[in-house]
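Undergrad: I have a structure I would like to understand better, so I am pasting it below and will then ask my questions one at a time.
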Amino acid sequence: MKQKRLLSLLLAALLAGSAVMTSSCKKEEKEDNGEAGAIQQEDDGPQLVLPDPEEVNGGGETFDMFLAYNVFDSDYCVEEETGDTIRDIIYNRNKEVERYFDIEFSFRKGDQNNGTATPIIRSLIQSGDDTYEVFVNVQHVGIPLIYEDLYVDWNESMPYADLSKPWWYQNVQRDLNFGDKVYVTAGAYNFHCLKASGVLAFNKTIMDELEMEYPYQLVKDGEWTIDRFIEYVKAAQKDLNGDGLIKPADDRLGFSGWKHEMMPAIFVGMGGQPVTKDDDNMPVLNINNERTFTVIDKMLELFDQGNGAWEGGNEYGASSKMFTESRLLFENRSLNGLPGLRNLEDDFGAVPYPKLDEDQESYYSRIVNFSSLTYIPVTNQKLELTSAVLEYMAYISNKELIPAFYDEILNIKTARDYETEEMIDIIREGARFLDENYLNSGTIIELVANGTNTLSSNYASRGDAWETKLEEITEFWAK
């Protein structure tokens with residue numbers, strides 16, 4: 001296995017109440033570890049630069065973070081060491097940052113419905129409440145508040161956060177920010193960004209039965225395309241109960257997943273990109289073109305009756321049940337979903353989503369739109385301290401937390417092979433956010449569900465509205 005130092009450096013490609021209840025992690029008395037001082041770095045990678053704690057100091061006060069979604073809680077708020085490697089790293093990371101800057105972390109926890117937090121966040125900031133230094137929210141309900149002038153531009157206001165360093169997710173800046181401004185980003189402490197990267201889990205036992213080559217070499221040779229994927233998927237279907245029909249409830253299929261995540265994952269994997277950028281880093285609509293038409297056509301071919309793929313319906317977890325019952329060759333999952341397969345009796349592996357064709361430069365992996373992102377409110381009165389705290393949190397997380405997550409995945413009994421590790425690197429390096437302002441998951445599902453490529457009529461009916469919205473967005477980022 002690669003050394004942890006190397007794994008951290010490789011991450012540069014990616015790092016590239018009822019609604020919400022208030023809660024804080026239990027605090028312990030701080031130990032006297034001596035004066036905080038310079039950070040000792042043991043490797044020759046990118047160097048961390050922090051202000052002297054005498055210059056930027058929290059004075060023992062709380063550093064308050066609002067977590068809008070409860071799946072984020074365990075990535076930030078850990079009350080004590082338990083022997084669990086990842087949680088202990090998070091606990092000790094928080095303690096080290098608290099020690100260095102003389103602060104106490106306080107976390108307001110979210111509930112399962114992150115959307116209910118958005119009006120609360122809006123109300124807090126608009127009322128001038130300066131309780132929270134940081135808001136951690138998802139993409140689809142967090143980004144709209146940018147256009148209400150509720151967040152600061154990191155490039156102007158966060159002096160100690162060096163977003164060019166590998167402990168910051170470069171793809172967030174690339175995909176979700178425009179012009180010369182950064183209103184939303186993520187550091188390695190936004191652990192869910194990595195965990196939410198889309199993958200294809202596959203059943204090795206079924207492939208062995210069918211005498212099919214594991215697709216690892218196809219991926220490495222740049223030949224893992226949608227056409228090859230369809231071949232695998234179609235070959236895997238099997239009438240298990242002998243009734244002459246292929247039904248998801250009874251038989252074996254080649255591919256499925258929860259459609260609200262699976263459909264956009266396929267789209268992004270083939271290079272679907274509703275918005276690109278011009279030379280000024282401003283958004284350009286990229287829908288009504290030959291590539292997007294071809295991508296939708298290939299999705300229709302994949303889900304054409306008799307080709308072994310099932311759209312999954314609205315029944316969350318149905319595809320996972322099939323996969324664990326050895327009745328599915330490929331399943332849409334996230335990296336975080338791989339450890340959940342540890343009890344699967346069959347061997348399994350993981351590969352990125354296929355490319356459209358061999359001419360496509362890279363493999364692309366969609367990061368689900370409920371991953372953890374960082375927003376700094378205009379009410380923040382401690383911008384220097386905030387930038388330094390987040391810089392240190394991101395640095396420690398990149399150095400210790402991310403390699404530990406690799407170890408967790410690769411120590412699953414059946415996925416521990418060199419090829420899987422290589423695939424995770426490729427999946428991570430090709431991570432992309434899908435701009436949900438335009439062809440969001442619902443629109444993509446609608447296009448495929450029609451059974452014919454209705455992109456032209458879809459664009460004809462919505463294109464003017466999309467163009468108007470694009471003009472408004474461009475005007476905002478250009479001001």
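Chain lettering (A, B, ...) mirrors the order of the structure tokens, residue numbering begins at 1 for each chain separately, and ligand numbering begins at 1 in order of display.
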I'd like the contact shell of A:Phe330 - 6 Å cut-off, only C-alpha atoms, skipping same-chain residues fewer than 2 positions apart - returned as a PDB file with N, CA, C and O atoms, in the first residue's frame.

TA:
ATOM      1  N   ALA A 201     -19.665  -0.254  -7.895  1.00  0.00           N
ATOM      2  CA  ALA A 201     -19.260  -1.500  -7.235  1.00  0.00           C
ATOM      3  C   ALA A 201     -19.658  -2.656  -8.152  1.00  0.00           C
ATOM      4  O   ALA A 201     -20.721  -2.632  -8.779  1.00  0.00           O
ATOM      5  N   PHE A 202     -18.795  -3.673  -8.258  1.00  0.00           N
ATOM      6  CA  PHE A 202     -19.150  -4.812  -9.111  1.00  0.00           C
ATOM      7  C   PHE A 202     -18.868  -6.124  -8.386  1.00  0.00           C
ATOM      8  O   PHE A 202     -17.993  -6.220  -7.530  1.00  0.00           O
ATOM      9  N   GLY A 254     -27.910  -6.442 -14.647  1.00  0.00           N
ATOM     10  CA  GLY A 254     -26.535  -6.005 -14.824  1.00  0.00           C
ATOM     11  C   GLY A 254     -26.184  -4.727 -14.097  1.00  0.00           C
ATOM     12  O   GLY A 254     -25.031  -4.542 -13.695  1.00  0.00           O
ATOM     13  N   PHE A 255     -27.172  -3.838 -13.903  1.00  0.00           N
ATOM     14  CA  PHE A 255     -26.848  -2.533 -13.307  1.00  0.00           C
ATOM     15  C   PHE A 255     -28.101  -1.875 -12.761  1.00  0.00           C
ATOM     16  O   PHE A 255     -29.170  -1.922 -13.372  1.00  0.00           O
ATOM     17  N   LEU A 328     -27.069  -8.667  -8.815  1.00  0.00           N
ATOM     18  CA  LEU A 328     -26.768  -7.439  -9.548  1.00  0.00           C
ATOM     19  C   LEU A 328     -25.265  -7.397  -9.809  1.00  0.00           C
ATOM     20  O   LEU A 328     -24.464  -7.586  -8.891  1.00  0.00           O
TER      21      LEU A 328
END

Undergrad: Show which residues sit within 9 Å of A:Glu223, as a ChimeraX atom specification. Count only C-alpha atoms, and ignore same-chain residues fewer than 2 positions away.

TA: /A:217-221,225,228,354-355,357-358

Undergrad: Neighbouring residues of A:Thr294 were defined as those with any atom within 12 Å, considering only C-alpha atoms; residues of the same chain fewer than 2 positions away were excluded. Please report them as a VMD selection string.

TA: chain A and resid 226 267 270 to 272 287 to 292 296 to 301 356 to 357 453 to 455

Undergrad: Take the residues that were just selected and, keeping N, CA, C and O atoms, output them as a PDB file, in the first residue's frame.

TA:
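Once everything was written out, this is part.pdb:
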ATOM      1  N   ILE A 226     -18.800   3.575 -22.307  1.00  0.00           N
ATOM      2  CA  ILE A 226     -20.198   3.213 -22.100  1.00  0.00           C
ATOM      3  C   ILE A 226     -20.580   1.996 -22.938  1.00  0.00           C
ATOM      4  O   ILE A 226     -21.373   1.158 -22.494  1.00  0.00           O
ATOM      5  N   PHE A 267     -24.427  10.460 -16.322  1.00  0.00           N
ATOM      6  CA  PHE A 267     -24.328  11.657 -17.162  1.00  0.00           C
ATOM      7  C   PHE A 267     -22.964  12.328 -17.000  1.00  0.00           C
ATOM      8  O   PHE A 267     -22.269  12.629 -17.976  1.00  0.00           O
ATOM      9  N   MET A 270     -19.880  10.380 -18.434  1.00  0.00           N
ATOM     10  CA  MET A 270     -19.650  10.484 -19.873  1.00  0.00           C
ATOM     11  C   MET A 270     -19.291  11.908 -20.303  1.00  0.00           C
ATOM     12  O   MET A 270     -19.332  12.230 -21.493  1.00  0.00           O
ATOM     13  N   GLY A 271     -18.948  12.724 -19.345  1.00  0.00           N
ATOM     14  CA  GLY A 271     -18.524  14.089 -19.682  1.00  0.00           C
ATOM     15  C   GLY A 271     -19.654  15.072 -19.805  1.00  0.00           C
ATOM     16  O   GLY A 271     -19.460  16.180 -20.327  1.00  0.00           O
ATOM     17  N   GLY A 272     -20.865  14.697 -19.356  1.00  0.00           N
ATOM     18  CA  GLY A 272     -21.971  15.639 -19.349  1.00  0.00           C
ATOM     19  C   GLY A 272     -21.646  16.821 -18.445  1.00  0.00           C
ATOM     20  O   GLY A 272     -21.308  16.636 -17.276  1.00  0.00           O
ATOM     21  N   ILE A 287     -25.503  22.923 -23.035  1.00  0.00           N
ATOM     22  CA  ILE A 287     -26.514  21.865 -23.088  1.00  0.00           C
ATOM     23  C   ILE A 287     -26.889  21.510 -24.515  1.00  0.00           C
ATOM     24  O   ILE A 287     -26.881  20.345 -24.907  1.00  0.00           O
ATOM     25  N   ASN A 288     -27.242  22.501 -25.311  1.00  0.00           N
ATOM     26  CA  ASN A 288     -27.793  22.258 -26.646  1.00  0.00           C
ATOM     27  C   ASN A 288     -26.662  22.001 -27.653  1.00  0.00           C
ATOM     28  O   ASN A 288     -26.368  22.813 -28.532  1.00  0.00           O
ATOM     29  N   ASN A 289     -26.014  20.839 -27.510  1.00  0.00           N
ATOM     30  CA  ASN A 289     -24.894  20.520 -28.379  1.00  0.00           C
ATOM     31  C   ASN A 289     -24.842  19.009 -28.632  1.00  0.00           C
ATOM     32  O   ASN A 289     -25.533  18.225 -27.972  1.00  0.00           O
ATOM     33  N   GLU A 290     -24.008  18.618 -29.575  1.00  0.00           N
ATOM     34  CA  GLU A 290     -23.956  17.221 -30.005  1.00  0.00           C
ATOM     35  C   GLU A 290     -23.545  16.277 -28.883  1.00  0.00           C
ATOM     36  O   GLU A 290     -24.092  15.178 -28.757  1.00  0.00           O
ATOM     37  N   ARG A 291     -22.595  16.693 -28.048  1.00  0.00           N
ATOM     38  CA  ARG A 291     -22.130  15.785 -27.001  1.00  0.00           C
ATOM     39  C   ARG A 291     -23.255  15.462 -26.016  1.00  0.00           C
ATOM     40  O   ARG A 291     -23.444  14.308 -25.639  1.00  0.00           O
ATOM     41  N   THR A 292     -23.980  16.496 -25.580  1.00  0.00           N
ATOM     42  CA  THR A 292     -25.054  16.244 -24.626  1.00  0.00           C
ATOM     43  C   THR A 292     -26.122  15.345 -25.234  1.00  0.00           C
ATOM     44  O   THR A 292     -26.643  14.449 -24.567  1.00  0.00           O
ATOM     45  N   ILE A 296     -27.153  11.558 -23.702  1.00  0.00           N
ATOM     46  CA  ILE A 296     -28.526  11.147 -23.395  1.00  0.00           C
ATOM     47  C   ILE A 296     -28.905   9.919 -24.223  1.00  0.00           C
ATOM     48  O   ILE A 296     -29.544   8.982 -23.722  1.00  0.00           O
ATOM     49  N   ASP A 297     -28.508   9.870 -25.497  1.00  0.00           N
ATOM     50  CA  ASP A 297     -28.781   8.696 -26.335  1.00  0.00           C
ATOM     51  C   ASP A 297     -28.180   7.437 -25.727  1.00  0.00           C
ATOM     52  O   ASP A 297     -28.808   6.358 -25.726  1.00  0.00           O
ATOM     53  N   LYS A 298     -26.952   7.532 -25.229  1.00  0.00           N
ATOM     54  CA  LYS A 298     -26.284   6.371 -24.642  1.00  0.00           C
ATOM     55  C   LYS A 298     -26.973   5.935 -23.348  1.00  0.00           C
ATOM     56  O   LYS A 298     -27.051   4.732 -23.043  1.00  0.00           O
ATOM     57  N   MET A 299     -27.485   6.887 -22.589  1.00  0.00           N
ATOM     58  CA  MET A 299     -28.237   6.535 -21.378  1.00  0.00           C
ATOM     59  C   MET A 299     -29.521   5.808 -21.751  1.00  0.00           C
ATOM     60  O   MET A 299     -29.911   4.829 -21.095  1.00  0.00           O
ATOM     61  N   LEU A 300     -30.177   6.276 -22.808  1.00  0.00           N
ATOM     62  CA  LEU A 300     -31.386   5.600 -23.276  1.00  0.00           C
ATOM     63  C   LEU A 300     -31.076   4.184 -23.739  1.00  0.00           C
ATOM     64  O   LEU A 300     -31.844   3.243 -23.473  1.00  0.00           O
ATOM     65  N   GLU A 301     -29.956   4.013 -24.425  1.00  0.00           N
ATOM     66  CA  GLU A 301     -29.551   2.679 -24.871  1.00  0.00           C
ATOM     67  C   GLU A 301     -29.284   1.763 -23.683  1.00  0.00           C
ATOM     68  O   GLU A 301     -29.683   0.592 -23.678  1.00  0.00           O
ATOM     69  N   LEU A 356     -17.569   8.299 -22.239  1.00  0.00           N
ATOM     70  CA  LEU A 356     -18.403   8.227 -23.433  1.00  0.00           C
ATOM     71  C   LEU A 356     -17.688   7.429 -24.527  1.00  0.00           C
ATOM     72  O   LEU A 356     -18.277   6.556 -25.160  1.00  0.00           O
ATOM     73  N   ASP A 357     -16.414   7.716 -24.740  1.00  0.00           N
ATOM     74  CA  ASP A 357     -15.617   7.008 -25.735  1.00  0.00           C
ATOM     75  C   ASP A 357     -14.146   7.125 -25.350  1.00  0.00           C
ATOM     76  O   ASP A 357     -13.798   7.801 -24.367  1.00  0.00           O
ATOM     77  N   ASN A 453     -35.016  10.632 -27.034  1.00  0.00           N
ATOM     78  CA  ASN A 453     -34.197  11.793 -26.698  1.00  0.00           C
ATOM     79  C   ASN A 453     -34.983  13.068 -26.952  1.00  0.00           C
ATOM     80  O   ASN A 453     -35.114  13.532 -28.085  1.00  0.00           O
ATOM     81  N   THR A 454     -35.535  13.629 -25.886  1.00  0.00           N
ATOM     82  CA  THR A 454     -36.347  14.845 -25.974  1.00  0.00           C
ATOM     83  C   THR A 454     -35.561  16.080 -25.564  1.00  0.00           C
ATOM     84  O   THR A 454     -36.144  17.080 -25.160  1.00  0.00           O
ATOM     85  N   LEU A 455     -34.241  16.009 -25.671  1.00  0.00           N
ATOM     86  CA  LEU A 455     -33.426  17.148 -25.246  1.00  0.00           C
ATOM     87  C   LEU A 455     -33.764  18.402 -26.052  1.00  0.00           C
ATOM     88  O   LEU A 455     -33.813  19.510 -25.507  1.00  0.00           O
TER      89      LEU A 455
END

Undergrad: With only C-alpha atoms counted and 8 Å as the cut-off, give the residues of stretch 376-420 of chain A in contact with stretch 164-179 of chain A, each with its shortest interatomic distance in Å and the pair that gives it, as CSV.

TA:
residue,atom,partner,partner_atom,distance
A:Ala394,CA,A:Trp167,CA,5.4
A:Tyr395,CA,A:Trp167,CA,5.4
A:Ser397,CA,A:Trp167,CA,7.7
A:Asn398,CA,A:Trp167,CA,5.4

Undergrad: Dump as CSV the rows for residues of stretch 409-466 of chain A within 12 Å of stretch 210-216 of chain A: closest atom pair and distance in Å with one decimal, only C-alpha atoms counted, ordered by chain and rising residue number.

TA:
residue,atom,partner,partner_atom,distance
A:Asp417,CA,A:Tyr216,CA,11.0
A:Tyr418,CA,A:Tyr216,CA,10.2
A:Glu419,CA,A:Tyr216,CA,6.5
A:Thr420,CA,A:Tyr216,CA,8.1
A:Glu421,CA,A:Tyr216,CA,10.7
A:Glu422,CA,A:Tyr216,CA,8.8
A:Met423,CA,A:Tyr216,CA,7.6
A:Ile424,CA,A:Tyr216,CA,11.3
A:Ile426,CA,A:Tyr216,CA,11.0

Undergrad: Write the selection just made, keeping all heavy atoms, as a compact mmCIF listing (two decimals), in the first residue's frame?

TA:
# COMPACT_ATOMS: atom_id res chain seq x y z
N ASP A 417 -7.25 -5.20 -2.84
CA ASP A 417 -6.34 -5.58 -3.90
C ASP A 417 -5.75 -4.30 -4.48
O ASP A 417 -6.30 -3.22 -4.31
CB ASP A 417 -7.04 -6.40 -4.99
CG ASP A 417 -8.29 -5.72 -5.54
OD1 ASP A 417 -8.26 -4.49 -5.72
OD2 ASP A 417 -9.28 -6.42 -5.78
N TYR A 418 -4.63 -4.44 -5.13
CA TYR A 418 -3.93 -3.28 -5.65
C TYR A 418 -4.77 -2.53 -6.67
O TYR A 418 -4.75 -1.30 -6.73
CB TYR A 418 -2.59 -3.70 -6.26
CG TYR A 418 -1.80 -2.55 -6.83
CD1 TYR A 418 -1.26 -1.58 -5.98
CD2 TYR A 418 -1.63 -2.40 -8.19
CE1 TYR A 418 -0.54 -0.51 -6.49
CE2 TYR A 418 -0.92 -1.34 -8.71
CZ TYR A 418 -0.37 -0.39 -7.86
OH TYR A 418 0.33 0.68 -8.37
N GLU A 419 -5.54 -3.28 -7.48
CA GLU A 419 -6.35 -2.65 -8.51
C GLU A 419 -7.40 -1.72 -7.90
O GLU A 419 -7.65 -0.63 -8.42
CB GLU A 419 -7.04 -3.71 -9.37
CG GLU A 419 -6.10 -4.46 -10.29
CD GLU A 419 -5.51 -5.69 -9.64
OE1 GLU A 419 -5.69 -5.86 -8.42
OE2 GLU A 419 -4.86 -6.48 -10.35
N THR A 420 -8.03 -2.14 -6.80
CA THR A 420 -9.04 -1.29 -6.17
C THR A 420 -8.43 0.02 -5.70
O THR A 420 -9.02 1.09 -5.84
CB THR A 420 -9.72 -2.02 -4.99
OG1 THR A 420 -10.39 -3.18 -5.49
CG2 THR A 420 -10.73 -1.13 -4.30
N GLU A 421 -7.23 -0.06 -5.13
CA GLU A 421 -6.57 1.16 -4.69
C GLU A 421 -6.32 2.10 -5.87
O GLU A 421 -6.54 3.30 -5.77
CB GLU A 421 -5.25 0.83 -3.99
CG GLU A 421 -4.54 2.06 -3.45
CD GLU A 421 -3.33 1.69 -2.60
OE1 GLU A 421 -3.07 0.48 -2.43
OE2 GLU A 421 -2.67 2.62 -2.12
N GLU A 422 -5.87 1.55 -6.99
CA GLU A 422 -5.67 2.37 -8.19
C GLU A 422 -6.97 2.99 -8.65
O GLU A 422 -7.01 4.17 -9.06
CB GLU A 422 -5.10 1.51 -9.32
CG GLU A 422 -3.66 1.11 -9.15
CD GLU A 422 -3.17 0.36 -10.38
OE1 GLU A 422 -3.66 -0.76 -10.61
OE2 GLU A 422 -2.32 0.90 -11.10
N MET A 423 -8.07 2.24 -8.59
CA MET A 423 -9.36 2.75 -9.02
C MET A 423 -9.82 3.92 -8.15
O MET A 423 -10.38 4.90 -8.63
CB MET A 423 -10.43 1.65 -9.00
CG MET A 423 -10.17 0.49 -9.96
SD MET A 423 -10.04 0.97 -11.71
CE MET A 423 -8.25 0.75 -11.98
N ILE A 424 -9.57 3.82 -6.85
CA ILE A 424 -9.97 4.90 -5.94
C ILE A 424 -9.21 6.17 -6.27
O ILE A 424 -9.77 7.27 -6.26
CB ILE A 424 -9.76 4.48 -4.47
CG1 ILE A 424 -10.71 3.33 -4.11
CG2 ILE A 424 -10.01 5.67 -3.53
CD1 ILE A 424 -10.47 2.75 -2.75
N ILE A 426 -8.16 7.03 -9.24
CA ILE A 426 -8.75 7.55 -10.48
C ILE A 426 -10.10 8.19 -10.20
O ILE A 426 -10.42 9.28 -10.73
CB ILE A 426 -8.89 6.41 -11.51
CG1 ILE A 426 -7.52 5.95 -11.97
CG2 ILE A 426 -9.73 6.86 -12.71
CD1 ILE A 426 -7.54 4.68 -12.80

Undergrad: Which distance in Å separates atom CA of A:Gly269 and atom CA of A:Gly451, to one decimal?

TA: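 Going from atom CA of A:Gly269 over to atom CA of A:Gly451 covers 20.3 Å.
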
Undergrad: Which value, in Å to one decimal, gives the distance between atom CA of A:Leu145 and atom CA of A:Leu124?

TA: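 Atom-to-atom, atom CA of A:Leu145 to atom CA of A:Leu124, that is 12.1 Å.
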
Undergrad: Run DSSP on the backbone and tell me which residues of stretch 173-333 of chain A come out as strand (DSSP E or B); list them as a PyMOL selection string.

TA: chain A and resi 185+187+197-203+225+238+252-256+275-277+283-285+309+328-333

Undergrad: Please identify all polymer residues within 8 Å of stretch 241-253 of chain A, counting only C-alpha atoms, omitting same-chain residues fewer than 6 positions from it, and present them as a ChimeraX atom specification.

TA: /A:233-234,308-310,322,326-329

Undergrad: Could you tell me which of A:Ser157, A:Ile86, A:Trp258, A:Pro283 comes closest to A:Ser319 if we count only C-alpha atoms?

TA: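 Ranked by minimum distance to A:Ser319, first place goes to A:Trp258.
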
Undergrad: Mind giving me the straight-line distance from atom CA of A:Thr468 to atom CA of A:Val141 in Å, one decimal?

TA: 20.4 Å

Undergrad: Considering only C-alpha atoms, return as a PyMOL selection string whatever protein or nucleic-acid residues lie within 6 Å of stretch 188-198 of chain A, sequence-local ones (same chain, fewer than 5 positions apart) excluded.

TA: chain A and resi 167+333-336+365-368+371-372+394+397-398

Undergrad: Next, dump the selected residues to file, keeping only N, CA, C and O atoms, as a short mmCIF file (atom, residue, chain, number, x, y, z; two decimals), in the first residue's frame.

TA:
data_model
loop_
_atom_site.label_atom_id
_atom_site.label_comp_id
_atom_site.auth_asym_id
_atom_site.auth_seq_id
_atom_site.Cartn_x
_atom_site.Cartn_y
_atom_site.Cartn_z
N TRP A 167 -4.76 20.56 0.53
CA TRP A 167 -5.76 20.23 1.55
C TRP A 167 -7.08 20.96 1.32
O TRP A 167 -7.98 20.89 2.14
N ARG A 333 -22.78 3.32 -6.22
CA ARG A 333 -22.52 3.57 -4.81
C ARG A 333 -21.61 4.79 -4.69
O ARG A 333 -21.14 5.34 -5.69
N SER A 334 -21.37 5.21 -3.47
CA SER A 334 -20.35 6.21 -3.19
C SER A 334 -19.19 5.51 -2.50
O SER A 334 -19.33 4.37 -2.04
N LEU A 335 -18.05 6.18 -2.44
CA LEU A 335 -16.92 5.58 -1.71
C LEU A 335 -17.33 5.22 -0.29
O LEU A 335 -16.91 4.19 0.25
N ASN A 336 -18.16 6.06 0.31
CA ASN A 336 -18.58 5.79 1.68
C ASN A 336 -19.45 4.55 1.77
O ASN A 336 -19.61 3.98 2.86
N SER A 365 -16.14 11.40 -11.91
CA SER A 365 -16.97 10.85 -10.85
C SER A 365 -17.77 11.98 -10.22
O SER A 365 -17.19 12.95 -9.72
N ARG A 366 -19.07 11.86 -10.27
CA ARG A 366 -19.92 12.90 -9.67
C ARG A 366 -19.86 12.82 -8.15
O ARG A 366 -19.97 11.75 -7.57
N ILE A 367 -19.69 13.98 -7.53
CA ILE A 367 -19.84 14.08 -6.09
C ILE A 367 -21.29 14.45 -5.82
O ILE A 367 -21.79 15.45 -6.36
N VAL A 368 -21.97 13.67 -5.01
CA VAL A 368 -23.40 13.92 -4.78
C VAL A 368 -23.61 15.31 -4.20
O VAL A 368 -22.77 15.84 -3.48
N SER A 371 -23.08 16.76 -0.41
CA SER A 371 -21.80 16.68 0.28
C SER A 371 -21.52 17.98 1.04
O SER A 371 -22.11 19.03 0.76
N SER A 372 -20.59 17.90 1.95
CA SER A 372 -20.31 18.98 2.90
C SER A 372 -19.48 20.10 2.26
O SER A 372 -18.39 19.85 1.76
N ALA A 394 -7.95 21.74 7.76
CA ALA A 394 -7.83 21.10 6.45
C ALA A 394 -6.50 20.38 6.32
O ALA A 394 -6.42 19.26 5.80
N SER A 397 -6.48 17.18 8.45
CA SER A 397 -7.39 16.20 7.87
C SER A 397 -6.79 15.56 6.64
O SER A 397 -6.92 14.35 6.42
N ASN A 398 -6.13 16.36 5.81
CA ASN A 398 -5.49 15.83 4.61
C ASN A 398 -4.35 14.88 4.96
O ASN A 398 -4.16 13.84 4.31
#

Undergrad: Would you mind telling me which residue in A:Phe303, A:Tyr438, A:Tyr316, A:Trp477 lies nearest to A:Asp280 when using only C-alpha atoms?

TA: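 Between A:Phe303, A:Tyr438, A:Tyr316, A:Trp477, the residue approaching A:Asp280 most closely is A:Trp477.
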
Undergrad: Identify which of the residues A:Ile396, A:Phe405, A:Pro46, A:Ala431 lies closest to A:Tyr91, counting only C-alpha atoms when measuring atom-to-atom distances.

TA: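 Between A:Ile396, A:Phe405, A:Pro46, A:Ala431, the residue approaching A:Tyr91 most closely is A:Ile396.
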
Undergrad: Which residue gives the smallest distance to A:Asn281 among A:Ala478, A:Tyr375, A:Ala235, A:Ala404, with only C-alpha atoms counted?

TA: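 Among the listed residues, A:Ala478 lies closest to A:Asn281.
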